[in-house]
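Read the structure below first, then the notes.
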There are 4 protein chains.
Amino acid sequence: MPKVYVTVIGGSKETDQRVLRIAEEVGRLIAEKGAILVCGGRGGVMEAAARGAKKAGGLTVGILPGFNRDEANPYVDIAIPTGMSQARNAINVLAGDVVIVVGGTAGTLSEVGLALAYGKPVVAIKGTGGVADLLAGRRIGPLTVYSASSPREAVELAFSLTERDVQTA
Amino acid sequence: MPKVYVTVIGGSKETDQRVLRIAEEVGRLIAEKGAILVCGGRGGVMEAAARGAKKAGGLTVGILPGFNRDEANPYVDIAIPTGMSQARNAINVLAGDVVIVVGGTAGTLSEVGLALAYGKPVVAIKGTGGVADLLAGRRIGPLTVYSASSPREAVELAFSLTERDVQTA
Amino acid sequence: MPKVYVTVIGGSKETDQRVLRIAEEVGRLIAEKGAILVCGGRGGVMEAAARGAKKAGGLTVGILPGFNRDEANPYVDIAIPTGMSQARNAINVLAGDVVIVVGGTAGTLSEVGLALAYGKPVVAIKGTGGVADLLAGRRIGPLTVYSASSPREAVELAFSLTERDVQTA
Amino acid sequence: MPKVYVTVIGGSKETDQRVLRIAEEVGRLIAEKGAILVCGGRGGVMEAAARGAKKAGGLTVGILPGFNRDEANPYVDIAIPTGMSQARNAINVLAGDVVIVVGGTAGTLSEVGLALAYGKPVVAIKGTGGVADLLAGRRIGPLTVYSASSPREAVELAFSLTERDVQTA
């Protein structure tokens, strides 16, 4: 059975504990469903999501902007340095079948745009601030950023959106 | 004297003549100021902006997503195929000292995010729809997307924003 | 204890069974040492190396040139589509602590150059033809491509070269 | 009439005055033929080639590895920072219709491989050392690196190789 990959995006400097708990819960639910968690590998939301996935025994991948695996957070199993700075955001979203947004600022904004441009469904969790709140339910050209009210709703929605056309590996 | 590079972003499939005229006017004003116009090299807003710059005798650069210069619009002087699809959006904004947004959908959204992540000032022209209207005046983390009401205001603002720290080439 | 990542490079269209057996043996030995195998994810040498690693219970990563995980060979555990065509070669070598070369043509040549440019040690297996034979023992600027005569010698040498400065993840 | 783009590659730290004069002569001849010179924008061979092109009134493009146009040599007209480090080598060769090699070390080696992988003809000038001497006349898989004995022979050969299938811009 093909594996599902879910990319979680959000701010690397997020410090709001409520938002970080939401990210961790998203990571946990993704792992419980047997999917691989992909993220940018850094701190904040990425670290919280990876920690949640690891607590549930999941597998985590971090696509890093720099040159060295040392920059990955400790919950990343597979760290891929790209040496491409923000251009790695394109890979980060391409690696997922679906993207879940928790808060976020400029880098996250770029990832939503890149994900939509690559035809990936995007689910934003309302109430997490930043880019997630800005774009939840918003139409961007012919596409819509899906809106979810909780980690569980986001993950359920994300998986339902991938069922139609999951890639295999 | 160092040259200024201005990146203009917007939808490749834009068909609204009013929006395309605005893009062309932006291109013309950039060229009249002696700056180099950078764009994604494709159709729609990019083509209109490049056409405007060429009519004013300017120099235009197109950073292409594909492998072949054939995909550039006819107003691009220097066409750079990247073979990197949407990841080329990162280069497109990095090549400019400042970014001007006219309308736009997913790719444009990503470029605004990438520009902000790279510390480039971004000016969105209100009333051109899409991403420009969504983000004009909006705060993204600690940064703000500047808002302008006309091509002239956008270009004047863009140049004033680059004066502090123009890169040289 | 930090994991070691070893990148194996070689032709995607390699059909020489002797060379493919060497690649498979390299993959097996890498996995037996508990390291993660990184490759370009496609056929030929990459597939043989990944198959060897999987037979030994290892973990394999494929950094793909295209947009879809479907293009990965069946022995890749974690498939990362980059959408960047040959530019993904830079990521492929950056993801490894050391690079082992088996045969290879143009893409492999580029990966040796990129690996050296990024300061990664490169070990070429003599007698596998192509780029490996061309560059084994060769000096490129101030650097030398190491030469090995067998899969075992190549893997032993590769690990000894990473011991000085293994990155952690 | 479509413009021809010629990429010149070679070491950024080349100090051999004879080799630098050859690079400068290559740049001059490219400009005299009305073609655009593309290079990596840095020092050494790239700077010499760009200087030669500028002395002959040509137009020069530099595809930079870093984030800032300041890193371009003074003979680059259009400087494109990519923020992608060595991965920019892929763009550097993709931007040319043909590639000319003068000396060179690791980065140059990668560019020859990338050029061949992208189907670009590559001409190496014998007697300039490094990668050029290593690969001149060498077969890489089904492809051959062309060999030339002088700047003039290299440029004549390069143009003849592009005549069959010049891209337009």
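Residues are referred to by chain and number: the chain letter is A, B, ... according to the order shown in the structure tokens, the number counts from 1 in that chain, and ligands are numbered separately from 1 in the order shown.
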Worksheet item: Which chain B residues are at most 7 Å from chain D (counting only C-alpha atoms), as a list in words?
Response: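 In the required form, that comes to Phe67, Asn68, Arg69, Asp70, Ala72, Pro74, Val76, Ala79, Ile80, Pro81, Thr82, Ile91, Leu94, Ala95, Gln167, Thr168 and Ala169 of chain B.
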Residue subset to file, keeping C-alpha atoms, as a compact mmCIF listing (two decimals), in the first residue's frame:
```txt
# COMPACT_ATOMS: atom_id res chain seq x y z
CA PHE B 67 14.45 24.46 -19.95
CA ASN B 68 14.17 26.56 -23.06
CA ARG B 69 14.31 30.24 -23.91
CA ASP B 70 11.45 29.66 -26.34
CA ALA B 72 9.95 33.57 -22.83
CA PRO B 74 8.85 38.40 -26.91
CA VAL B 76 12.35 39.60 -22.66
CA ALA B 79 16.00 34.91 -20.85
CA ILE B 80 17.37 32.54 -18.22
CA PRO B 81 15.88 29.05 -18.24
CA THR B 82 16.30 27.45 -14.81
CA ILE B 91 15.48 33.50 -7.95
CA LEU B 94 16.14 37.51 -5.22
CA ALA B 95 17.20 39.17 -8.45
CA GLN B 167 22.95 46.33 -4.27
CA THR B 168 25.58 47.01 -6.88
CA ALA B 169 26.45 45.04 -9.95
```
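The nearest approach to Val123 in chain D among the residues D:Val26, D:Ala106, D:Met46, D:Ala53, with only C-alpha atoms taken into account, belongs to D:Val26.
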Worksheet item: What lies within 10 Å of Arg139 in chain D using only C-alpha atoms, ignoring chain neighbours under 6 positions off, as a ChimeraX atom specification?
Response: /C:105-106,130-131,134 /D:145-146
Grab the residues selected above and save them as a CSV table (one decimal), in the first residue's frame with N, CA, C and O atoms.
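Just written: out_32.csv:
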```
chain,number,residue,atom,x,y,z
C,105,THR,N,27.6,8.3,-16.1
C,105,THR,CA,27.9,9.1,-17.3
C,105,THR,C,27.7,10.6,-16.9
C,105,THR,O,28.4,11.0,-15.9
C,106,ALA,N,27.0,11.4,-17.7
C,106,ALA,CA,27.0,12.9,-17.5
C,106,ALA,C,26.5,13.3,-16.1
C,106,ALA,O,27.1,14.1,-15.4
C,130,GLY,N,32.9,4.1,-17.1
C,130,GLY,CA,32.4,5.4,-17.1
C,130,GLY,C,33.2,6.4,-16.2
C,130,GLY,O,34.4,6.4,-16.2
C,131,VAL,N,32.4,7.2,-15.5
C,131,VAL,CA,33.0,8.3,-14.7
C,131,VAL,C,33.8,7.7,-13.5
C,131,VAL,O,34.8,8.3,-13.2
C,134,LEU,N,37.1,7.0,-15.0
C,134,LEU,CA,37.7,8.2,-15.5
C,134,LEU,C,38.3,9.0,-14.3
C,134,LEU,O,39.4,9.6,-14.4
D,145,VAL,N,33.0,15.4,-25.2
D,145,VAL,CA,33.4,16.7,-24.9
D,145,VAL,C,34.4,17.1,-26.1
D,145,VAL,O,35.4,16.5,-26.3
D,146,TYR,N,34.0,18.2,-26.8
D,146,TYR,CA,34.8,18.6,-28.0
D,146,TYR,C,36.1,19.2,-27.5
D,146,TYR,O,36.1,19.8,-26.4
```
Practice prompt. Determine which residues of chain D receive a DSSP assignment of helix (DSSP H, G or I), computed from the backbone, and state them as an MDAnalysis selection string.
Written response: chainID D and resid 17:32 45:55 69:71 85:94 106:117 130:135 151:162
What's the 9 Å shell around Lys55 in chain D, counting only C-alpha atoms, without same-chain residues fewer than 5 positions away, as a PDB file with N, CA and C atoms, in the first residue's frame?
```pdb
ATOM      1  N   GLY D  27      36.072  35.410 -24.352  1.00  0.00           N
ATOM      2  CA  GLY D  27      35.009  36.376 -24.110  1.00  0.00           C
ATOM      3  C   GLY D  27      34.922  37.415 -25.219  1.00  0.00           C
ATOM      4  N   ARG D  28      36.088  37.885 -25.655  1.00  0.00           N
ATOM      5  CA  ARG D  28      36.119  38.892 -26.717  1.00  0.00           C
ATOM      6  C   ARG D  28      35.509  38.353 -28.010  1.00  0.00           C
ATOM      7  N   ALA D  31      31.729  38.048 -27.882  1.00  0.00           N
ATOM      8  CA  ALA D  31      31.076  39.346 -28.032  1.00  0.00           C
ATOM      9  C   ALA D  31      31.151  39.837 -29.475  1.00  0.00           C
ATOM     10  N   ALA D  50      34.417  37.680 -18.927  1.00  0.00           N
ATOM     11  CA  ALA D  50      33.485  38.817 -18.941  1.00  0.00           C
ATOM     12  C   ALA D  50      34.211  40.096 -19.349  1.00  0.00           C
TER      13      ALA D  50
END
```
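The interatomic distance for the pair CA of Pro121 in chain D and CA of Ala158 in chain D works out to 7.7 Å.
Atom pair CA of Arg138 in chain C / CA of Glu47 in chain D: separated by 27.0 Å.
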Item to complete: Might you pull out every residue within 7 Å of Ser12 in chain A, with only C-alpha atoms counted and same-chain residues fewer than 4 positions away left off, and present them as a list in words?
Response: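 Once the adjacent positions are removed, what remains is Arg42, Gly43, Gly44, Val45 and Met46 of chain A.
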Discussion item. So, with only C-alpha atoms as the atoms that count, which of A:Ala115, A:Val122, A:Ser110, A:Val6 lies closest to Ile30 in chain A?
Written reply: A:Val6
